[in-house]
Amino acid sequence: MDYQTTLAILGYSIVIVFMVLIMTKKMTAFTSLIVIPIIFAIIGGFGPKIGQFALAGIKSVSTTAVMLLFAIIFFGMMINVGLFDPLVNVIVKFVKGDPLKVLVGTAILSAVVSIDGDGTTTTMIVTSALLPIYKRLKIKPLYLATIVIMQNSIMNLLPWGGPTARIMSALNVDGGEMLNKLIPGMIFSAIYVIGVSYYLGLKERKRLGIIEVDSKALEQMAAVTDPEELALRRPKLIWLNFAVTVVVMVLLVLGKLPSAVIFEIGVALTLIINYPKLKAQREMIERQAGNAIQVVIMVLAAGIFMGILTESGMAKAIALNLASIVPKSFGNHWALVTAILSVPGTFLLSNDAFYYGVLPVLAQTGAAYGFTPMQIGIASTMGQAFHLLSPLVAFIYLLLQITEVDMGEWQRHSAKWSIGTFIIFILAAVITGAMPL
C-alpha cells in the first residue's frame, strides 16, 4: 500500500468514525472534532506535528469565528431591542395556530433570506423570527433546522455563494451563463422544499391540531411578558435599528467589506444607539456571550479537525482518491460521475479543497471524453444538496445551538429529504441540457 493510499484511508477513517460517534451519541460534536483527528494523526505518525497542524486549522477558521461571534451578538441584540417583534406578531396572526402554515412560511422565508448567500445571516434572521412561534405552538425545532438548511443549500448556488464562485475561478467559466443553467434546478428544488414543509406541516397539524384562538389570545401569544426582556426593548428606536440592520445586510451582499468587520461595526452602533450607558453595554455583551461562545468554540474545534485533515495531506489524498477510483469505462458518463463524486467530495472536504483540488482533475479527465468545463462545473454543484450537512461547515453549529437540535438526528433527518433535492438538481440539468449524461 503506497503512502497516498494510507493517507486517504486515515482521512476517510477520521470522518467516518466522527460521524458514527456523533450519530450514535457516544461523543459530543465538540469533543469528537478535537479528539478523533488527533488519534488518527498519532496513528499516522504525525504526533510531533499535531500542534502545528491544529494551529494552522484554527487560523484558517479564525475569521469565520470572529464573524460568527459578532453576528450572534448583533442579531441577539436586535432580538432584545424588539426589532423582530412586529414580524413575529404578523406571522402569529397569519398562521392562527396552524403548524402547517408555520412550516410552509418557514420554507418561503428561508428561501427569500438565503438570497444573500450567507448561511449565518439566514440562520439568525429566520430563527429569530420563527423560533418563538415554534416554541409557542410546540412544533418540533428539528423541522425548522431541516428546512432552513435545505433552502440555504439551494440558494448557496447563486454566483456570490461559495461553491459557484470557486467553480468560476477554478474552471474559468462565466458566472451569468452558469447561473442561467442552474436556475431551473434551483426553482424546482425550492418548490420541492416547500412541498416537504407542507408534508411535515400536515404531520404536525395531526400531532398538535390547530390552536383556535381569538384576537386577544393571539396578542397574548405574541407578547413578551418577561420583565427583564421588556426592560431591554426599545420600541421608539425600531426604525433606527431597522435602518442599521438593512445597511448591514446591504454591505454583506455587496461584499466590499469583510463580513466580520461589518458585524463588528454593527454591534458597536447598536450598543451606542440602544444602550448608551457603559454598564448597560457591558451587561448586554455578557447577555449574548453564552450563545456566542458555544458556537465559536465549535468552529475552533472544527478548525483543528480541518487543520489535521488538510496539513497532514489526508485531504489531498482523499481528493486524489476520489478522482481516481472511477473506471475509465465510465468516461462517456463523466458528467454524471462528477455529480455523484461531488456528494462525498463536498461532504468530506471543504469547498476550497474540492473545487480547487478535485474539480480541475475531474474537468481535465472530462475534457478527454468531450465534456466542456461548464458541463463539469454544473455537475460538480449537485453535491451541494448535502454539503451543508458536513461538520466542516461552520454556521451549522450556530443553527444547532439556537434550535437546540442534536447534530446526528438533524443530519439523518435532513439527508433523507436532501436526496430529493439532489435528484431534482440532476433531472433539471439533464432535461435542460446543462449536464449531458
# chains A, B, ... in the order shown; residues from 1 in each chain; ligands from 1
call {"tool": "residues_around", "arguments": {"residues": "Met78 of chain A", "least_positions_apart": "5", "cutoff": "12 Å", "atoms": "only C-alpha atoms", "output": "ChimeraX atom specification"}}
result
/A:71-73,83-85,124-125,128-129,232-235,237-246,266-267,269-271,273-275,284,288
call {"tool": "closest_atom_pairs", "arguments": {"of": "segment 164-239 of chain A", "to": "segment 414-423 of chain A", "cutoff": "12 Å", "atoms": "only C-alpha atoms", "output": "JSON lines"}}
result
{"residue": "A:Gly185", "atom": "CA", "partner": "A:Thr421", "partner_atom": "CA", "distance": 8.7}
{"residue": "A:Met186", "atom": "CA", "partner": "A:Thr421", "partner_atom": "CA", "distance": 8.9}
{"residue": "A:Ile187", "atom": "CA", "partner": "A:Thr421", "partner_atom": "CA", "distance": 10.7}
{"residue": "A:Phe188", "atom": "CA", "partner": "A:Thr421", "partner_atom": "CA", "distance": 8.7}
{"residue": "A:Ser189", "atom": "CA", "partner": "A:Thr421", "partner_atom": "CA", "distance": 5.5}
{"residue": "A:Ala190", "atom": "CA", "partner": "A:Thr421", "partner_atom": "CA", "distance": 8.4}
{"residue": "A:Ile191", "atom": "CA", "partner": "A:Thr421", "partner_atom": "CA", "distance": 9.9}
{"residue": "A:Tyr192", "atom": "CA", "partner": "A:Thr421", "partner_atom": "CA", "distance": 7.3}
{"residue": "A:Val193", "atom": "CA", "partner": "A:Thr421", "partner_atom": "CA", "distance": 7.9}
{"residue": "A:Ile194", "atom": "CA", "partner": "A:Thr421", "partner_atom": "CA", "distance": 11.5}
{"residue": "A:Gly195", "atom": "CA", "partner": "A:Trp417", "partner_atom": "CA", "distance": 10.7}
{"residue": "A:Val196", "atom": "CA", "partner": "A:Trp417", "partner_atom": "CA", "distance": 7.6}
{"residue": "A:Ser197", "atom": "CA", "partner": "A:Trp417", "partner_atom": "CA", "distance": 10.3}
{"residue": "A:Tyr199", "atom": "CA", "partner": "A:Trp417", "partner_atom": "CA", "distance": 11.3}
{"residue": "A:Leu200", "atom": "CA", "partner": "A:Trp417", "partner_atom": "CA", "distance": 11.0}
call {"tool": "closest_residue", "arguments": {"among": "A:Thr365, A:Gln294, A:Gln384, A:Ser153", "to": "Pro327 of chain A", "atoms": "only C-alpha atoms"}}
result
A:Thr365
call {"tool": "select_by_dssp", "arguments": {"residues": "segment 45-176 of chain A", "states": "alpha helix (DSSP H)", "output": "PyMOL selection string"}}
result
chain A and resi 50-81+85-95+99-113+119-137+141-155+162-171+175-176
